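Undergrad: Next up is a structure, given as structure tokens.
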Amino acid sequence: MKNKILNNLSSPFFILIILLLISFLVLTPILNTLVLGAIIAYGIRPIAKRINGKIGFSNISIILTIILVLIPILAIFIYFISVLGQFGYGFLTNHDFSSMSSSISQSIQQYLPASLKNSTTMIISSISNIINEILSYVFDYLIDLIKSVPMISLNIFVLFISTFYFTRDGSKFFKYITDFIPTDKKKYFNKMFENIKLVLMSIFYGHFITGVIIGILGCIGYFILGYPYALFLGILTGLLQLIPIIGPWPVYFALFIGDLISGNYIRAIVVLLFGFGLSLSDMYIRPALSGKYADIHPLILLLGFLAGPLIFGITGFILGPLILGVTYAVVKVYKDEKKNP
């Protein structure tokens with residue numbers, strides 16, 4: 001019995017499991033960033049291949065691709081966070097929400113029958129309290145974010161490095177992993193990887209790229225309509241576009257209500273029509289981009305977008321839907337194999 005235990009403890013498989021667990025613990029602080037780097041590498045690899053076809057230097061091609069794709073994304077993210085911090089600080093320090101809600105209530109009540117005036121006041125007061133709590137939460141989150149600048153800097157460095165190496169050596173890494181798969185299981189795993197690829201392409205093209213297009217169109221529209229912080233509003237529109245069912249309508253309605261209160265009725269109607277126009281364009285853009293890939297139920301994406309940030313932080317907006325999407329693909333393949341062994 002003792003010899004059997006010693007043999008098990010000294011077996012290569014047991015040693016491998018222990019080392020993998022220890023490695024996982026070592027990588028835990030940057031694991032989210034490594035996964036994000038692998039996902040970004042998967043997305044930018046076709047671009048790097050095209051650039052490499054023109055200049056013939058693999059490493060330089062990947063670096064140029066990262067500069068073209070990753071740095072603008074980080075710059076936009078930093079801009080978005082800084083503007084959001086300014087908004088939060090300004091609202092918390094310079095605005096009295098009780099007087100604001102009273103002013104908004106009086107403006108809206110002019111157009112409502114007497115029976116609805118009291119309930120309108122209560123609703124607007126509740127909305128003001130919710131906004132106050134949300135802004136307080138955002139401001140506190142930004143303060144915590146500033147405190148963790150050293151860790152953020154480390155993660156940004158890891159993101160660049162992991163993206164570079166996954167882009168360059170991703171196929172070698174994938175082959176190294178697949179070599180462990182038994183020969184009789186390769187067909188199943190190949191089918192699983194193919195479905196995962198379709199799911200990733202569907203999420204990337206059908207949702208992320210759609211969000212980018214809608215965000216750019218929104219930015220242009222807000223700039224033409226004369227809204228301040230048009231770039232910020234466009235980014236916010238693109239981010240909310242990623243969330244199924246909800247979408248960017250909170251932005252349109254907020255601008256609509258703001259224009260009504262300020263008396264700019266023409267722009268209020270125009271921005272509402274603009275919102276309808278963007279929503280209709282989404283109905284065309286999304287199926288056109290993702291129609292040839294996997295069709296993922298909106299609930300899966302919604303849960304991923306909402307729950308992902310609670311577990312993974314900001315990166316959860318990407319990791320959440322991707323993890324649930326990959327799980328959906330694996331379950332689908334397993335179910336198909338059970339039906340047709």
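Naming scheme: A, B, ... for chains in displayed order of the structure tokens; residues 1 onward per chain; ligands 1 onward as shown.
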Could you give me, as CSV, every stretch 224-310 of chain A residue with an atom at most 8 Å from stretch 211-215 of chain A, plus its closest atom pair and distance in Å to one decimal, counting only C-alpha atoms, rows ordered by chain then number?
TA:
residue,atom,partner,partner_atom,distance
A:Gly234,CA,A:Gly215,CA,4.7
A:Ile235,CA,A:Gly215,CA,5.5
A:Leu236,CA,A:Gly215,CA,7.4
A:Thr237,CA,A:Gly215,CA,5.4
A:Gly238,CA,A:Gly215,CA,3.9
A:Leu239,CA,A:Gly211,CA,6.5
A:Leu240,CA,A:Gly211,CA,7.9
A:Gln241,CA,A:Gly211,CA,5.3
A:Leu242,CA,A:Gly211,CA,5.7
A:Leu278,CA,A:Ile214,CA,6.8
A:Asp282,CA,A:Ile214,CA,7.3
Undergrad: Write the residues of the selection above to a file with C-alpha atoms, as a PDB file, in the first residue's frame.
TA:
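Done, and the output landed in out25.pdb:
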ATOM      1  CA  GLY A 234     -20.038  57.893 -29.324  1.00  0.00           C
ATOM      2  CA  ILE A 235     -17.864  55.551 -27.230  1.00  0.00           C
ATOM      3  CA  LEU A 236     -20.677  55.158 -24.681  1.00  0.00           C
ATOM      4  CA  THR A 237     -23.134  54.409 -27.504  1.00  0.00           C
ATOM      5  CA  GLY A 238     -20.789  51.747 -28.894  1.00  0.00           C
ATOM      6  CA  LEU A 239     -20.288  50.139 -25.480  1.00  0.00           C
ATOM      7  CA  LEU A 240     -24.022  50.016 -24.749  1.00  0.00           C
ATOM      8  CA  GLN A 241     -24.602  48.605 -28.234  1.00  0.00           C
ATOM      9  CA  LEU A 242     -22.715  45.501 -27.073  1.00  0.00           C
ATOM     10  CA  LEU A 278     -28.941  53.706 -35.723  1.00  0.00           C
ATOM     11  CA  ASP A 282     -27.920  47.679 -36.415  1.00  0.00           C
TER      12      ASP A 282
END
Undergrad: Near A:Ile224, counting only C-alpha atoms, which residues have an atom at most 12 Å away, once you skip same-chain residues fewer than 5 positions from it, shown as a PyMOL selection string?
TA: chain A and resi 217-219+229-231+267+270-271+274
Undergrad: Keeping only C-alpha atoms, write those residues as an mmCIF file, in the first residue's frame.
TA:
data_model
loop_
_atom_site.group_PDB
_atom_site.id
_atom_site.type_symbol
_atom_site.label_atom_id
_atom_site.label_comp_id
_atom_site.auth_asym_id
_atom_site.auth_seq_id
_atom_site.Cartn_x
_atom_site.Cartn_y
_atom_site.Cartn_z
ATOM 1 C CA LEU A 217 -21.714 56.640 -36.518
ATOM 2 C CA GLY A 218 -22.968 57.910 -33.155
ATOM 3 C CA CYS A 219 -19.853 60.041 -32.660
ATOM 4 C CA TYR A 229 -18.109 65.462 -25.717
ATOM 5 C CA ALA A 230 -19.301 63.887 -28.975
ATOM 6 C CA LEU A 231 -16.431 61.364 -28.856
ATOM 7 C CA ARG A 267 -32.667 68.790 -31.655
ATOM 8 C CA VAL A 270 -33.732 64.870 -34.303
ATOM 9 C CA VAL A 271 -31.621 62.918 -31.775
ATOM 10 C CA PHE A 274 -31.183 59.527 -35.079
#
Undergrad: For A:Ala48, find every residue with an atom within 7 Å (counting only C-alpha atoms), except residues of its own chain fewer than 2 positions away, and show them as a compact mmCIF listing (two decimals) with C-alpha atoms, in the first residue's frame.
TA:
# COMPACT_ATOMS: atom_id res chain seq x y z
CA ILE A 44 -5.38 40.83 -35.10
CA ARG A 45 -3.46 37.87 -36.53
CA PRO A 46 -5.06 38.15 -40.00
CA ARG A 50 -1.39 40.87 -44.47
CA ILE A 51 1.21 43.39 -43.32
CA ASN A 52 3.84 40.64 -43.22
CA SER A 61 4.49 43.23 -38.82
CA ILE A 62 3.08 42.19 -35.44
CA THR A 65 -0.42 45.72 -36.05
Undergrad: At what distance in Å, to one decimal, does atom CA of A:Lys191 lie from atom CA of A:Val330?
TA: 9.3 Å
Undergrad: How far is it from atom CA of A:Lys197 to atom CA of A:Gly325, in Å with one decimal?
TA: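 Distance between the two atoms: 10.2 Å.
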Undergrad: Quote the spacing between atom CA of A:Tyr42 and atom CA of A:Thr167 in Å to one decimal place.
TA: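 The value is 6.7 Å.
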Undergrad: Check the smallest atom-to-atom distance from each of A:Ile269, A:Ile311, A:Ile243, A:Arg168 to A:Phe57 using only C-alpha atoms, then report the winner.
TA: A:Arg168
Undergrad: Near A:Ala41, counting only C-alpha atoms, which residues have an atom at most 9 Å away, once you skip same-chain residues fewer than 2 positions from it, shown as an MDAnalysis selection string?
TA: chainID A and resid 36:39 43:45 66 162:168 170
Undergrad: Give me a file of those residues, with C-alpha atoms, as a tab-separated table (two decimals), in the first residue's frame.
TA:
chain	number	residue	atom	x	y	z
A	36	LEU	CA	-7.35	38.93	-23.12
A	37	GLY	CA	-3.99	39.05	-24.92
A	38	ALA	CA	-4.70	35.66	-26.52
A	39	ILE	CA	-8.15	36.83	-27.65
A	43	GLY	CA	-8.40	38.92	-33.76
A	44	ILE	CA	-5.38	40.83	-35.10
A	45	ARG	CA	-3.46	37.87	-36.53
A	66	ILE	CA	-0.40	46.20	-32.28
A	162	SER	CA	1.23	38.44	-24.49
A	163	THR	CA	-0.51	39.83	-27.57
A	164	PHE	CA	2.80	39.91	-29.44
A	165	TYR	CA	3.84	36.35	-28.57
A	166	PHE	CA	0.36	34.84	-28.99
A	167	THR	CA	0.13	36.49	-32.41
A	168	ARG	CA	3.55	35.21	-33.44
A	170	GLY	CA	-0.17	31.05	-31.31
Undergrad: For A:Pro248, which residue among A:Leu272, A:Leu260, A:Leu19, A:Ile30 is the nearest when counting only C-alpha atoms?
TA: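 Under the stated criterion, the closest residue is A:Leu272.
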Undergrad: Of the candidates A:Asn195, A:Pro72, A:Thr315, A:Leu200, which shows the shortest atom-to-atom distance to A:Lys332, using only C-alpha atoms?
TA: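 For A:Lys332, the nearest of the candidates is A:Asn195.
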